[in-house]
$ cat protein37.json   # JSON, C-alpha atoms
[["chain", "number", "residue", "atom", "x", "y", "z"],
["A", 384, "MET", "CA", 164.42, 65.89, 103.91],
["A", 385, "LEU", "CA", 167.75, 66.14, 105.74],
["A", 386, "PRO", "CA", 167.64, 65.61, 109.53],
["A", 387, "MET", "CA", 168.11, 68.68, 111.69],
["A", 388, "THR", "CA", 171.57, 69.65, 112.81],
["A", 389, "LYS", "CA", 172.35, 70.86, 116.32],
["A", 390, "GLY", "CA", 170.18, 73.86, 117.20],
["A", 391, "GLY", "CA", 167.64, 73.22, 114.44],
["A", 392, "SER", "CA", 163.91, 72.98, 115.16],
["A", 393, "LEU", "CA", 160.89, 71.61, 113.31],
["A", 394, "PRO", "CA", 157.11, 71.71, 113.99],
["A", 395, "LEU", "CA", 155.78, 68.16, 114.28],
["A", 396, "THR", "CA", 152.99, 68.37, 111.72],
["A", 397, "LYS", "CA", 151.95, 66.49, 108.60],
["A", 398, "ASN", "CA", 149.79, 68.32, 106.04],
["A", 399, "ASN", "CA", 149.30, 71.05, 108.67],
["A", 400, "ALA", "CA", 147.85, 68.57, 111.19],
["A", 401, "PRO", "CA", 149.76, 67.92, 114.44],
["A", 402, "LEU", "CA", 151.53, 64.56, 114.64],
["A", 403, "GLN", "CA", 150.13, 62.10, 117.16],
["A", 404, "GLU", "CA", 153.22, 59.93, 117.63],
["A", 405, "VAL", "CA", 156.99, 60.09, 117.21],
["A", 406, "ARG", "CA", 159.53, 57.31, 117.63],
["A", 407, "LEU", "CA", 162.91, 57.68, 119.31],
["A", 408, "GLU", "CA", 165.64, 55.24, 118.25],
["A", 409, "LEU", "CA", 169.04, 54.67, 119.87],
["A", 410, "SER", "CA", 171.58, 52.45, 118.14],
["A", 411, "TRP", "CA", 175.20, 51.53, 118.72],
["A", 412, "SER", "CA", 177.69, 48.72, 118.19],
["A", 413, "PRO", "CA", 180.01, 47.35, 120.89],
["A", 414, "PRO", "CA", 183.47, 49.01, 120.77],
["A", 415, "LYS", "CA", 186.27, 46.74, 119.55],
["A", 416, "ASN", "CA", 188.26, 47.50, 122.71],
["A", 417, "THR", "CA", 186.50, 45.51, 125.42],
["A", 418, "SER", "CA", 188.92, 46.30, 128.24],
["A", 419, "LYS", "CA", 186.27, 48.56, 129.85],
["A", 420, "GLY", "CA", 183.50, 45.96, 129.66],
["A", 421, "SER", "CA", 180.26, 46.14, 127.70],
["A", 422, "TYR", "CA", 178.75, 49.54, 126.90],
["A", 423, "ASP", "CA", 175.11, 49.77, 128.00],
["A", 424, "LEU", "CA", 173.59, 52.85, 126.36],
["A", 425, "ASP", "CA", 170.10, 53.86, 127.43],
["A", 426, "ALA", "CA", 167.37, 56.08, 125.96],
["A", 427, "SER", "CA", 165.01, 57.91, 128.35],
["A", 428, "CYS", "CA", 162.17, 60.43, 127.98],
["A", 429, "PHE", "CA", 161.12, 62.88, 130.70],
["A", 430, "PRO", "CA", 157.74, 64.69, 130.55],
["A", 431, "LEU", "CA", 158.28, 68.18, 131.97],
["A", 432, "ASN", "CA", 156.44, 71.38, 132.74],
["A", 433, "SER", "CA", 158.62, 74.21, 131.49],
["A", 434, "THR", "CA", 157.53, 76.62, 134.23],
["A", 435, "GLY", "CA", 159.07, 74.40, 136.93],
["A", 436, "GLY", "CA", 162.64, 74.45, 138.20],
["A", 437, "GLY", "CA", 165.69, 73.16, 136.38],
["A", 438, "PRO", "CA", 167.20, 74.17, 133.03],
["A", 439, "LEU", "CA", 164.20, 72.93, 131.00],
["A", 440, "GLY", "CA", 161.50, 72.42, 133.61],
["A", 441, "LYS", "CA", 160.30, 69.97, 136.23],
["A", 442, "ILE", "CA", 158.98, 66.42, 135.92],
["A", 443, "THR", "CA", 155.18, 66.45, 135.68],
["A", 444, "GLU", "CA", 154.29, 62.90, 136.70],
["A", 445, "VAL", "CA", 156.88, 60.28, 137.63],
["A", 446, "ASP", "CA", 154.78, 57.40, 136.28],
["A", 447, "HIS", "CA", 155.06, 58.89, 132.75],
["A", 448, "ILE", "CA", 158.91, 58.87, 132.69],
["A", 449, "CYS", "CA", 160.04, 56.22, 130.20],
["A", 450, "TYR", "CA", 163.44, 54.63, 130.93],
["A", 451, "TRP", "CA", 164.97, 51.18, 131.41],
["A", 452, "GLY", "CA", 163.41, 50.82, 134.87],
["A", 453, "GLN", "CA", 159.89, 51.81, 133.69],
["A", 454, "GLN", "CA", 159.54, 50.65, 130.11],
["A", 455, "LYS", "CA", 155.79, 51.17, 129.65],
["A", 456, "THR", "CA", 153.96, 54.28, 130.85],
["A", 457, "PRO", "CA", 150.53, 55.77, 130.03],
["A", 458, "SER", "CA", 152.11, 57.91, 127.29],
["A", 459, "MET", "CA", 155.34, 56.20, 126.20],
["A", 460, "GLU", "CA", 156.68, 52.70, 125.63],
["A", 461, "HIS", "CA", 160.07, 51.03, 125.17],
["A", 462, "LEU", "CA", 159.20, 48.88, 122.15],
["A", 463, "ALA", "CA", 162.48, 46.93, 122.03],
["A", 464, "GLY", "CA", 163.19, 46.64, 125.75],
["A", 465, "ASP", "CA", 166.49, 47.48, 127.45],
["A", 466, "ASP", "CA", 169.41, 46.46, 125.21],
["A", 467, "ARG", "CA", 172.57, 46.12, 127.36],
["A", 468, "THR", "CA", 175.20, 45.44, 124.69],
["A", 469, "GLY", "CA", 174.40, 47.02, 121.29],
["A", 470, "ASP", "CA", 174.79, 43.66, 119.53],
["A", 471, "GLY", "CA", 172.67, 42.95, 116.45],
["A", 472, "ASP", "CA", 171.35, 44.97, 113.53],
["A", 473, "GLY", "CA", 168.89, 47.86, 113.55],
["A", 474, "PRO", "CA", 167.99, 50.13, 116.47],
["A", 475, "ASP", "CA", 168.91, 48.80, 119.91],
["A", 476, "GLU", "CA", 166.36, 50.80, 121.90],
["A", 477, "VAL", "CA", 163.10, 52.31, 120.64],
["A", 478, "ILE", "CA", 160.66, 54.56, 122.53],
["A", 479, "LEU", "CA", 157.23, 55.42, 121.10],
["A", 480, "ILE", "CA", 155.74, 58.71, 122.35],
["A", 481, "HIS", "CA", 151.95, 59.28, 122.23],
["A", 482, "PHE", "CA", 151.39, 63.04, 122.51],
["A", 483, "ASN", "CA", 147.66, 62.80, 123.28],
["A", 484, "ALA", "CA", 148.33, 60.59, 126.32],
["A", 485, "LEU", "CA", 150.81, 62.91, 128.05],
["A", 486, "PRO", "CA", 149.86, 64.62, 131.33],
["A", 487, "GLY", "CA", 147.84, 67.78, 130.75],
["A", 488, "ASN", "CA", 150.49, 70.02, 132.32],
["A", 489, "CYS", "CA", 153.32, 68.55, 130.21],
["A", 490, "ASP", "CA", 154.51, 71.07, 127.63],
["A", 491, "LEU", "CA", 158.04, 69.73, 127.10],
["A", 492, "ILE", "CA", 159.66, 66.30, 126.69],
["A", 493, "ALA", "CA", 163.38, 65.97, 127.39],
["A", 494, "ILE", "CA", 165.02, 63.15, 125.43],
["A", 495, "VAL", "CA", 168.15, 61.82, 127.10],
["A", 496, "GLY", "CA", 170.87, 59.30, 126.28],
["A", 497, "THR", "CA", 173.16, 57.87, 128.98],
["A", 498, "ILE", "CA", 175.69, 55.06, 129.58],
["A", 499, "ASP", "CA", 174.91, 52.83, 132.54],
["A", 500, "LYS", "CA", 177.80, 52.65, 135.07],
["A", 501, "ALA", "CA", 179.92, 54.90, 132.81],
["A", 502, "ILE", "CA", 181.82, 56.53, 135.69],
["A", 503, "GLU", "CA", 182.60, 53.22, 137.39],
["A", 504, "ARG", "CA", 183.87, 51.68, 134.13],
["A", 505, "GLY", "CA", 185.65, 54.76, 132.75],
["A", 506, "GLN", "CA", 183.44, 54.84, 129.66],
["A", 507, "SER", "CA", 182.18, 57.70, 127.46],
["A", 508, "PHE", "CA", 180.34, 58.15, 124.16],
["A", 509, "ALA", "CA", 183.69, 58.91, 122.49],
["A", 510, "GLU", "CA", 184.56, 55.21, 122.40],
["A", 511, "VAL", "CA", 181.26, 54.25, 120.72],
["A", 512, "ALA", "CA", 182.00, 55.53, 117.24],
["A", 513, "ASP", "CA", 178.68, 54.68, 115.56],
["A", 514, "ALA", "CA", 176.29, 55.53, 118.43],
["A", 515, "LYS", "CA", 173.39, 57.73, 117.33],
["A", 516, "MET", "CA", 169.97, 58.92, 118.49],
["A", 517, "GLN", "CA", 167.19, 59.63, 116.00],
["A", 518, "ILE", "CA", 163.58, 60.84, 116.05],
["A", 519, "PHE", "CA", 161.10, 59.68, 113.39],
["A", 520, "ASN", "CA", 157.54, 60.47, 112.40],
["A", 521, "ASN", "CA", 156.11, 57.12, 113.48],
["A", 522, "LYS", "CA", 153.50, 57.01, 110.70],
["A", 523, "SER", "CA", 155.71, 57.91, 107.74],
["A", 524, "ASN", "CA", 159.15, 56.86, 109.10],
["A", 525, "GLU", "CA", 160.47, 60.30, 108.12],
["A", 526, "LEU", "CA", 163.71, 61.10, 109.98],
["A", 527, "LEU", "CA", 163.27, 64.37, 111.90],
["A", 528, "ALA", "CA", 166.42, 64.73, 114.03],
["A", 529, "GLU", "CA", 169.69, 62.90, 114.55],
["A", 530, "ALA", "CA", 172.76, 63.19, 116.78],
["A", 531, "LYS", "CA", 176.06, 61.31, 116.57],
["A", 532, "LEU", "CA", 176.95, 60.72, 120.21],
["A", 533, "ALA", "CA", 180.70, 60.22, 119.70],
["A", 534, "SER", "CA", 181.00, 63.82, 118.45],
["A", 535, "LEU", "CA", 179.70, 65.35, 121.70],
["A", 536, "ASP", "CA", 181.90, 67.11, 124.27],
["A", 537, "ALA", "CA", 184.93, 65.04, 125.32],
["A", 538, "GLY", "CA", 184.13, 62.65, 128.15],
["A", 539, "SER", "CA", 180.34, 62.87, 127.72],
["A", 540, "THR", "CA", 178.55, 60.03, 129.48],
["A", 541, "GLY", "CA", 175.10, 61.66, 129.23],
["A", 542, "CYS", "CA", 173.37, 63.62, 126.51],
["A", 543, "LEU", "CA", 170.33, 65.86, 126.19],
["A", 544, "PHE", "CA", 169.63, 64.81, 122.62],
["A", 545, "ALA", "CA", 166.47, 66.80, 121.94],
["A", 546, "SER", "CA", 163.58, 68.68, 123.48],
["A", 547, "ILE", "CA", 160.02, 68.49, 122.18],
["A", 548, "ARG", "CA", 158.02, 71.57, 123.20],
["A", 549, "LYS", "CA", 154.30, 72.32, 122.89],
["A", 550, "LYS", "CA", 153.09, 75.74, 121.87],
["A", 551, "ASP", "CA", 149.59, 76.54, 120.62],
["A", 552, "GLN", "CA", 148.75, 72.82, 120.60],
["A", 553, "VAL", "CA", 151.61, 72.00, 118.20],
["A", 554, "TRP", "CA", 154.74, 70.13, 119.29],
["A", 555, "THR", "CA", 158.12, 71.28, 117.96],
["A", 556, "VAL", "CA", 161.32, 69.24, 118.18],
["A", 557, "GLU", "CA", 164.69, 70.92, 118.72],
["A", 558, "ASN", "CA", 167.97, 69.07, 118.16],
["A", 559, "VAL", "CA", 169.89, 70.07, 121.32],
["A", 560, "SER", "CA", 172.81, 67.57, 121.15],
["A", 561, "GLN", "CA", 174.27, 68.74, 124.46],
["A", 562, "GLY", "CA", 176.81, 66.38, 126.01],
["A", 563, "TYR", "CA", 177.23, 66.07, 129.79],
["A", 564, "PRO", "CA", 180.62, 64.72, 130.93],
["A", 565, "GLY", "CA", 180.41, 62.70, 134.13],
["A", 566, "LYS", "CA", 176.59, 62.50, 134.16],
["A", 567, "GLU", "CA", 174.53, 59.32, 134.35],
["A", 568, "LEU", "CA", 170.78, 58.70, 134.40],
["A", 569, "PRO", "CA", 170.21, 59.50, 138.12],
["A", 570, "ASP", "CA", 171.78, 62.94, 137.51],
["A", 571, "PHE", "CA", 169.10, 63.74, 134.92],
["A", 572, "PHE", "CA", 166.34, 62.76, 137.36],
["A", 573, "GLN", "CA", 167.83, 65.31, 139.78],
["A", 574, "LEU", "CA", 168.34, 67.88, 137.02],
["A", 575, "PHE", "CA", 164.60, 67.76, 136.28],
["A", 576, "GLY", "CA", 163.57, 68.10, 139.92],
["A", 577, "TYR", "CA", 162.91, 64.53, 141.05],
["A", 578, "GLN", "CA", 163.10, 64.37, 144.84],
["A", 579, "GLY", "CA", 162.56, 60.62, 145.37]]
$ encode --input "protein37.json" --output "C-alpha cells"
Amino acid sequence: MLPMTKGGSLPLTKNNAPLQEVRLELSWSPPKNTSKGSYDLDASCFPLNSTGGGPLGKITEVDHICYWGQQKTPSMEHLAGDDRTGDGDGPDEVILIHFNALPGNCDLIAIVGTIDKAIERGQSFAEVADAKMQIFNNKSNELLAEAKLASLDAGSTGCLFASIRKKDQVWTVENVSQGYPGKELPDFFQLFGYQG
C-alpha cells in the first residue's frame, strides 16, 4: 500500500478491528553545510480534546504529552530518546502511541515536528533534504502516512505532520503536512491551549 499524500485519511484498523498501537518515526541526516550548527529535529505528540480551543482542540492532560522533555507518558513513549544530530542509520526519533491508554476525553492526537533553536540559528526544514516523518502500524510495520519535511512551506521550522482522530471508537489518521514558518515547540504548546 502506498503511504497517504497530503490531505489523505485512513481508518486505523486491521481486519476490521481497531489498531491498538501506531509508531511515529522521524529521520534526517545532518546537512552538509554546517555553518548554522547542528540541526536538532524533534517529534512530539499532543493528546487533545477537539471541542476545546485552538485550531484542532485543547490539550487534555499535560502528563500525556510526549516530547523531548517528557519522553515517557502513560500513553506514549520515545523509544529512541532525543536525537540531537541526525547521525546514524535508521529512524532518529521514534514515538509509540498506545490508544487504549490515552485520557478518556482525548479524541485527537496532533503529531508535530520542530527544529530546536531554529529561529536563533536561522535554520529551517528546507536545508534538511532527506528529513521525513512517518506513521506505521506497530504490529505489521505497514507504512500509513509520510511527509517530506523539506517540501513544506518555505522557511518552515515547525510542522503539523498528521492528526489522529477518534470517531465511533475507531481512530483515523490524516496526513496534514502543514508547515509553520517561524514556529518552534513552545509555540505548539500555546497553539493547543497550554497555559503553564
$ closest_residue --input "protein37.json" --among "A:Lys415, A:Asn398, A:Arg406, A:Lys500" --to "Glu529 (chain A)" --atoms "only C-alpha atoms"
A:Arg406
$ residues_around --input "protein37.json" --residues "region 563-567 of chain A" --least-positions-apart "5" --cutoff "12 Å" --atoms "all atoms listed in the file" --output "PDB file with C-alpha atoms, keeping the file's coordinate frame"
ATOM      1  CA  ASP A 423     175.110  49.770 128.000  1.00  0.00           C
ATOM      2  CA  LEU A 424     173.590  52.850 126.360  1.00  0.00           C
ATOM      3  CA  ASP A 425     170.100  53.860 127.430  1.00  0.00           C
ATOM      4  CA  ALA A 426     167.370  56.080 125.960  1.00  0.00           C
ATOM      5  CA  SER A 427     165.010  57.910 128.350  1.00  0.00           C
ATOM      6  CA  VAL A 495     168.150  61.820 127.100  1.00  0.00           C
ATOM      7  CA  GLY A 496     170.870  59.300 126.280  1.00  0.00           C
ATOM      8  CA  THR A 497     173.160  57.870 128.980  1.00  0.00           C
ATOM      9  CA  ILE A 498     175.690  55.060 129.580  1.00  0.00           C
ATOM     10  CA  ASP A 499     174.910  52.830 132.540  1.00  0.00           C
ATOM     11  CA  LYS A 500     177.800  52.650 135.070  1.00  0.00           C
ATOM     12  CA  ALA A 501     179.920  54.900 132.810  1.00  0.00           C
ATOM     13  CA  ILE A 502     181.820  56.530 135.690  1.00  0.00           C
ATOM     14  CA  GLU A 503     182.600  53.220 137.390  1.00  0.00           C
ATOM     15  CA  ARG A 504     183.870  51.680 134.130  1.00  0.00           C
ATOM     16  CA  GLY A 505     185.650  54.760 132.750  1.00  0.00           C
ATOM     17  CA  GLN A 506     183.440  54.840 129.660  1.00  0.00           C
ATOM     18  CA  SER A 507     182.180  57.700 127.460  1.00  0.00           C
ATOM     19  CA  PHE A 508     180.340  58.150 124.160  1.00  0.00           C
ATOM     20  CA  ALA A 509     183.690  58.910 122.490  1.00  0.00           C
ATOM     21  CA  LEU A 532     176.950  60.720 120.210  1.00  0.00           C
ATOM     22  CA  LEU A 535     179.700  65.350 121.700  1.00  0.00           C
ATOM     23  CA  ASP A 536     181.900  67.110 124.270  1.00  0.00           C
ATOM     24  CA  ALA A 537     184.930  65.040 125.320  1.00  0.00           C
ATOM     25  CA  GLY A 538     184.130  62.650 128.150  1.00  0.00           C
ATOM     26  CA  SER A 539     180.340  62.870 127.720  1.00  0.00           C
ATOM     27  CA  THR A 540     178.550  60.030 129.480  1.00  0.00           C
ATOM     28  CA  GLY A 541     175.100  61.660 129.230  1.00  0.00           C
ATOM     29  CA  CYS A 542     173.370  63.620 126.510  1.00  0.00           C
ATOM     30  CA  LEU A 543     170.330  65.860 126.190  1.00  0.00           C
ATOM     31  CA  PHE A 544     169.630  64.810 122.620  1.00  0.00           C
ATOM     32  CA  PHE A 572     166.340  62.760 137.360  1.00  0.00           C
ATOM     33  CA  GLN A 573     167.830  65.310 139.780  1.00  0.00           C
ATOM     34  CA  LEU A 574     168.340  67.880 137.020  1.00  0.00           C
TER      35      LEU A 574
END
$ closest_residue --input "protein37.json" --among "A:Gln517, A:Ser534, A:Gln454, A:Thr443" --to "Tyr577 (chain A)" --atoms "only C-alpha atoms"
A:Thr443
$ residues_around --input "protein37.json" --residues "Trp411 (chain A)" --least-positions-apart "6" --cutoff "7 Å" --atoms "only C-alpha atoms" --output "list in words"
Gly469, Asp475, Val511, Asp513, Ala514 and Lys515 of chain A
$ closest_residue --input "protein37.json" --among "A:Val405, A:Leu393, A:Thr555, A:Pro413" --to "Ala512 (chain A)" --atoms "all atoms listed in the file"
A:Pro413
$ atom_distance --input "protein37.json" --atom1 "CA of Tyr422 (chain A)" --atom2 "CA of Pro457 (chain A)"
29.1 Å
$ atom_distance --input "protein37.json" --atom1 "CA of Pro474 (chain A)" --atom2 "CA of Ile442 (chain A)"
26.9 Å
$ atom_distance --input "protein37.json" --atom1 "CA of Val559 (chain A)" --atom2 "CA of Asp490 (chain A)"
16.7 Å
$ residues_around --input "protein37.json" --residues "Cys428 (chain A)" --least-positions-apart "4" --cutoff "6 Å" --atoms "only C-alpha atoms" --output "NGL selection string"
:A and (448-449 or 493-494)
$ residues_around --input "protein37.json" --residues "Asn520 (chain A)" --least-positions-apart "4" --cutoff "7 Å" --atoms "all atoms listed in the file" --output "list in words"
Glu404, Val405, Arg406, Asn524, Glu525, Leu526 and Leu527 of chain A
$ residues_around --input "protein37.json" --residues "Leu491 (chain A)" --least-positions-apart "3" --cutoff "8 Å" --atoms "only C-alpha atoms" --output "PDB file with C-alpha atoms, keeping the file's coordinate frame"
ATOM      1  CA  PRO A 430     157.740  64.690 130.550  1.00  0.00           C
ATOM      2  CA  LEU A 431     158.280  68.180 131.970  1.00  0.00           C
ATOM      3  CA  ASN A 432     156.440  71.380 132.740  1.00  0.00           C
ATOM      4  CA  SER A 433     158.620  74.210 131.490  1.00  0.00           C
ATOM      5  CA  LEU A 439     164.200  72.930 131.000  1.00  0.00           C
ATOM      6  CA  GLY A 440     161.500  72.420 133.610  1.00  0.00           C
ATOM      7  CA  SER A 546     163.580  68.680 123.480  1.00  0.00           C
ATOM      8  CA  ILE A 547     160.020  68.490 122.180  1.00  0.00           C
ATOM      9  CA  ARG A 548     158.020  71.570 123.200  1.00  0.00           C
ATOM     10  CA  LYS A 549     154.300  72.320 122.890  1.00  0.00           C
TER      11      LYS A 549
END
